[in-house]
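J.: Below you'll find the structure I mean.
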Amino acid sequence: MAGIQIAIDGPAASGKSTVARLVAARLGGFYINTGDMYRTVTRAALDAGLDPDAQPDAVVALLGNLELRYRLVDGVPVLHLNDQPVPQEGIRAPEVASQVSFVARIPGVRDWLRERQRETRALGTIVMEGRDIGTVILPDASHKFFVTASPMERARRRLAQAGEVTDGATLASVAAEIAERDRIDSTRAVAPLRPAEDAVHINTDDLTPDQVADRIVACVQEGKA
Ligand code: DC
C-alpha cells in the first residue's frame, strides 16, 4: 500500500527540521529535507565559481552535470550528489545560507528539483519539509502543516546552531539575514513561501520540538490536517 505524505512548510529557522525528523521517527516514515537539495545546488554553483544572483542561466546549465537524489543508507534517506553523500558542513556554511535564496528563485532549478522531490514518494511514508511542499510539490499530501515562529525567536535558534552563522554574528545581524531570506522566499514569482489553504498552522514560539511533534502526530492519527 502507498505510504502517507506529511508536508511541513515554514520560514527559515522556524524549527521545522527538528520537528520533521521527530515526526518521521515516531511514525516510522522517511525524513526528506528539500532545503538541503537547494543548498546542495547552491554549493555546487559556488564551487563552480558562479554568482547565482547574476548568472541564473549558468546555474541551470550546471544541473546537467549533477545527479542528485536521496538514497537509503542503513534504512535512512541520505542525500547523494553524483553518488557521494552530501557533507552537511559544506551546505550549512554561511556563504551557502546567504546565496541559497537566489538559487531557489530560479525557475529552472525549481523544475529540476520538483521531480527529484516527488520521486521520494516511492520510499513509502514520507515527512517532507520545505517552503512549497503543501502548495506545489505534494498538493495532494495526506497531511499539511505550516510551522512558524517570531523573527526574534528564529534568530535566537539560528544563533544557537553552530556553523550556520559567520563569526561575530549578533542576534540583530542574524535576524536581519533571516528577514532578508524570508523576503526573497516569500516574494519570488515561482512557488513563493506561503501556507497551503488546507494546512494546519503551528506557532512554535512557546513549544519545544517534542511538543510540536506531538501535535503533528496527534493530528495525523486523528485524521486532521
Ligand atoms: O530550509 P532551509 O533554510 O535549509 O532552506 C534553504 C533555502 O532553500 C531557503 O532560503 C528557501 C529554499 N527552499 C525553497 O525555496 N523551497 C523548498 N521547498 C525548500 C527550501
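Labeling convention for the C-alpha cells: chains A, B, ... as they appear, residues from 1 per chain, ligands from 1 in order of appearance.
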For ligand 1, collect every residue having any atom at a distance of at most 9 Å from a ligand atom (counting only C-alpha atoms and all ligand atoms); output as a PyMOL selection string.

T.: chain A and resi 9-14+16-17+33-39+91-92+96-105+110+113-114+117+128-133+136-137+178+181-182+184-186+191-193

J.: According to DSSP computed on the backbone, where in chain A is there strand (DSSP E or B)? Give the residues as an NGL selection string.

T.: :A and (5-9 or 30-33 or 68-73 or 76-81 or 84-85 or 126-130 or 143-148 or 200-203)

J.: Find, counting only C-alpha atoms, the residue in A:Ala141, A:Ala122, A:Pro94, A:Pro87 that gets nearest to Glu177 of chain A.

T.: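 Of all the options, A:Pro94 lies closest to Glu177 of chain A.
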
J.: Can you list, as number ranges by chain, every protein, DNA or RNA residue that comes within 10 Å of segment 46-49 of chain A when you count only C-alpha atoms, leaving out same-chain residues fewer than 6 positions away?

T.: A: 40, 58-59, 62, 95-96, 99

J.: Could you tell me how far atom CA of Ile126 of chain A sits from atom CA of Arg183 of chain A, in Å to one decimal place?

T.: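 According to the coordinates, atom CA of Arg183 of chain A and atom CA of Ile126 of chain A are separated by 28.4 Å.
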
J.: Considering only C-alpha atoms, return as a CSV table (one decimal) with N, CA and C atoms, in the first residue's frame whatever protein or nucleic-acid residues lie within 12 Å of Ala20 of chain A, sequence-local ones (same chain, fewer than 4 positions apart) excluded.

T.:
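Output contents, as saved in out.csv:
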chain,number,residue,atom,x,y,z
A,5,GLN,N,1.9,10.9,3.0
A,5,GLN,CA,2.8,12.0,2.9
A,5,GLN,C,2.4,13.1,3.8
A,6,ILE,N,3.4,13.6,4.6
A,6,ILE,CA,3.2,14.7,5.5
A,6,ILE,C,4.1,15.8,5.0
A,7,ALA,N,3.4,17.0,4.7
A,7,ALA,CA,4.1,18.2,4.3
A,7,ALA,C,4.3,19.1,5.4
A,8,ILE,N,5.5,19.6,5.6
A,8,ILE,CA,5.8,20.6,6.7
A,8,ILE,C,6.5,21.7,6.1
A,9,ASP,N,5.8,22.9,6.0
A,9,ASP,CA,6.4,24.1,5.4
A,9,ASP,C,6.6,25.1,6.5
A,10,GLY,N,7.5,26.1,6.2
A,10,GLY,CA,7.6,27.2,7.1
A,10,GLY,C,8.9,28.0,6.8
A,14,SER,N,12.5,28.1,11.6
A,14,SER,CA,11.2,28.0,12.4
A,14,SER,C,11.2,26.8,13.2
A,15,GLY,N,12.2,25.9,13.1
A,15,GLY,CA,12.3,24.7,13.9
A,15,GLY,C,11.7,23.5,13.1
A,16,LYS,N,11.4,23.7,11.8
A,16,LYS,CA,10.7,22.6,11.2
A,16,LYS,C,11.6,21.3,10.9
A,24,ALA,N,9.0,12.0,11.7
A,24,ALA,CA,9.3,10.8,10.8
A,24,ALA,C,9.7,9.6,11.7
A,25,ALA,N,10.4,9.9,12.8
A,25,ALA,CA,10.8,8.7,13.7
A,25,ALA,C,9.6,8.1,14.3
A,26,ARG,N,8.7,9.0,14.8
A,26,ARG,CA,7.5,8.5,15.5
A,26,ARG,C,6.6,7.7,14.7
A,27,LEU,N,6.5,8.1,13.4
A,27,LEU,CA,5.5,7.5,12.5
A,27,LEU,C,6.2,6.4,11.7
A,28,GLY,N,7.5,6.2,11.9
A,28,GLY,CA,8.2,5.2,11.1
A,28,GLY,C,8.3,5.6,9.6
A,29,GLY,N,8.4,6.9,9.4
A,29,GLY,CA,8.5,7.3,8.0
A,29,GLY,C,9.9,7.8,7.6
A,30,PHE,N,10.0,8.3,6.4
A,30,PHE,CA,11.3,8.8,5.9
A,30,PHE,C,11.3,10.3,5.9
A,31,TYR,N,12.4,10.9,6.4
A,31,TYR,CA,12.5,12.3,6.5
A,31,TYR,C,13.2,12.9,5.3
A,32,ILE,N,12.6,13.8,4.6
A,32,ILE,CA,13.2,14.4,3.4
A,32,ILE,C,13.3,15.9,3.6
A,33,ASN,N,14.5,16.4,3.5
A,33,ASN,CA,14.7,17.9,3.7
A,33,ASN,C,15.0,18.5,2.3
A,34,THR,N,14.0,19.2,1.8
A,34,THR,CA,14.2,19.8,0.4
A,34,THR,C,15.1,21.0,0.4
A,126,ILE,N,6.4,9.4,3.9
A,126,ILE,CA,7.5,10.4,4.0
A,126,ILE,C,7.0,11.6,4.7
A,127,VAL,N,8.0,12.3,5.4
A,127,VAL,CA,7.8,13.6,6.1
A,127,VAL,C,8.7,14.5,5.3
A,128,MET,N,8.1,15.4,4.5
A,128,MET,CA,8.9,16.2,3.7
A,128,MET,C,8.8,17.7,4.1
A,129,GLU,N,9.9,18.3,4.3
A,129,GLU,CA,9.9,19.7,4.8
A,129,GLU,C,10.5,20.7,3.8
A,130,GLY,N,9.9,21.9,3.7
A,130,GLY,CA,10.4,22.9,2.8
A,130,GLY,C,9.6,24.2,2.8
A,144,LYS,N,-0.9,18.4,5.9
A,144,LYS,CA,-0.1,19.6,5.7
A,144,LYS,C,0.0,20.4,6.9
A,145,PHE,N,1.2,20.9,7.2
A,145,PHE,CA,1.4,21.8,8.4
A,145,PHE,C,2.2,23.0,7.9
A,146,PHE,N,2.0,24.1,8.6
A,146,PHE,CA,2.8,25.3,8.4
A,146,PHE,C,3.3,25.8,9.7
A,147,VAL,N,4.6,25.7,9.9
A,147,VAL,CA,5.2,25.9,11.2
A,147,VAL,C,5.9,27.3,11.2
A,209,PRO,N,10.4,21.3,20.6
A,209,PRO,CA,10.3,20.4,19.4
A,209,PRO,C,9.4,19.2,19.6
A,210,ASP,N,9.6,18.6,20.8
A,210,ASP,CA,8.8,17.4,21.2
A,210,ASP,C,7.3,17.7,21.2
A,212,VAL,N,5.8,20.2,19.6
A,212,VAL,CA,5.3,20.4,18.2
A,212,VAL,C,5.1,19.0,17.5
A,213,ALA,N,6.1,18.2,17.7
A,213,ALA,CA,5.9,16.8,17.0
A,213,ALA,C,4.7,16.1,17.6
A,214,ASP,N,4.5,16.2,18.9
A,214,ASP,CA,3.3,15.6,19.5
A,214,ASP,C,2.0,16.1,18.8
A,215,ARG,N,1.9,17.4,18.6
A,215,ARG,CA,0.7,18.0,18.0
A,215,ARG,C,0.5,17.4,16.6
A,216,ILE,N,1.6,17.4,15.8
A,216,ILE,CA,1.5,16.9,14.4
A,216,ILE,C,1.1,15.4,14.4
A,217,VAL,N,1.8,14.6,15.2
A,217,VAL,CA,1.5,13.2,15.2
A,217,VAL,C,0.0,13.0,15.7

J.: Which residue gives the smallest distance to Thr148 of chain A among A:Asn82, A:Asn203, A:Gln55, A:Gln211, with only C-alpha atoms counted?

T.: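 The closest residue to Thr148 of chain A is A:Asn203.
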
J.: Quick one: distance from atom CA of Asn65 of chain A to atom CA of Glu119 of chain A in Å, one decimal?

T.: 19.4 Å

J.: Among segment 9-203 of chain A, which residues does DSSP mark as helix (DSSP H, G or I) when it is run on the backbone? Keep the chain and numbering as in the structure and answer as number ranges by chain.

T.: A: 16-27, 34-47, 56-65, 88-91, 94-104, 107-123, 133-137, 151-160, 171-187

J.: Which of these residues is nearest to Ala44 of chain A, using only C-alpha atoms: A:Gly75, A:Pro195, A:Pro85, A:Gly90?

T.: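 Of all the options, A:Gly90 lies closest to Ala44 of chain A.
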
J.: Using only C-alpha atoms, can you tell me which of A:His143, A:Arg69, A:His80, A:Arg156 comes closest to Thr120 of chain A?

T.: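 Result for the nearest residue to Thr120 of chain A: A:Arg69.
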
J.: Have a look at atom CA of Cys219 of chain A and atom CA of Ala155 of chain A and let me know their distance in Å, one decimal.

T.: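 Going from atom CA of Cys219 of chain A over to atom CA of Ala155 of chain A covers 28.0 Å.
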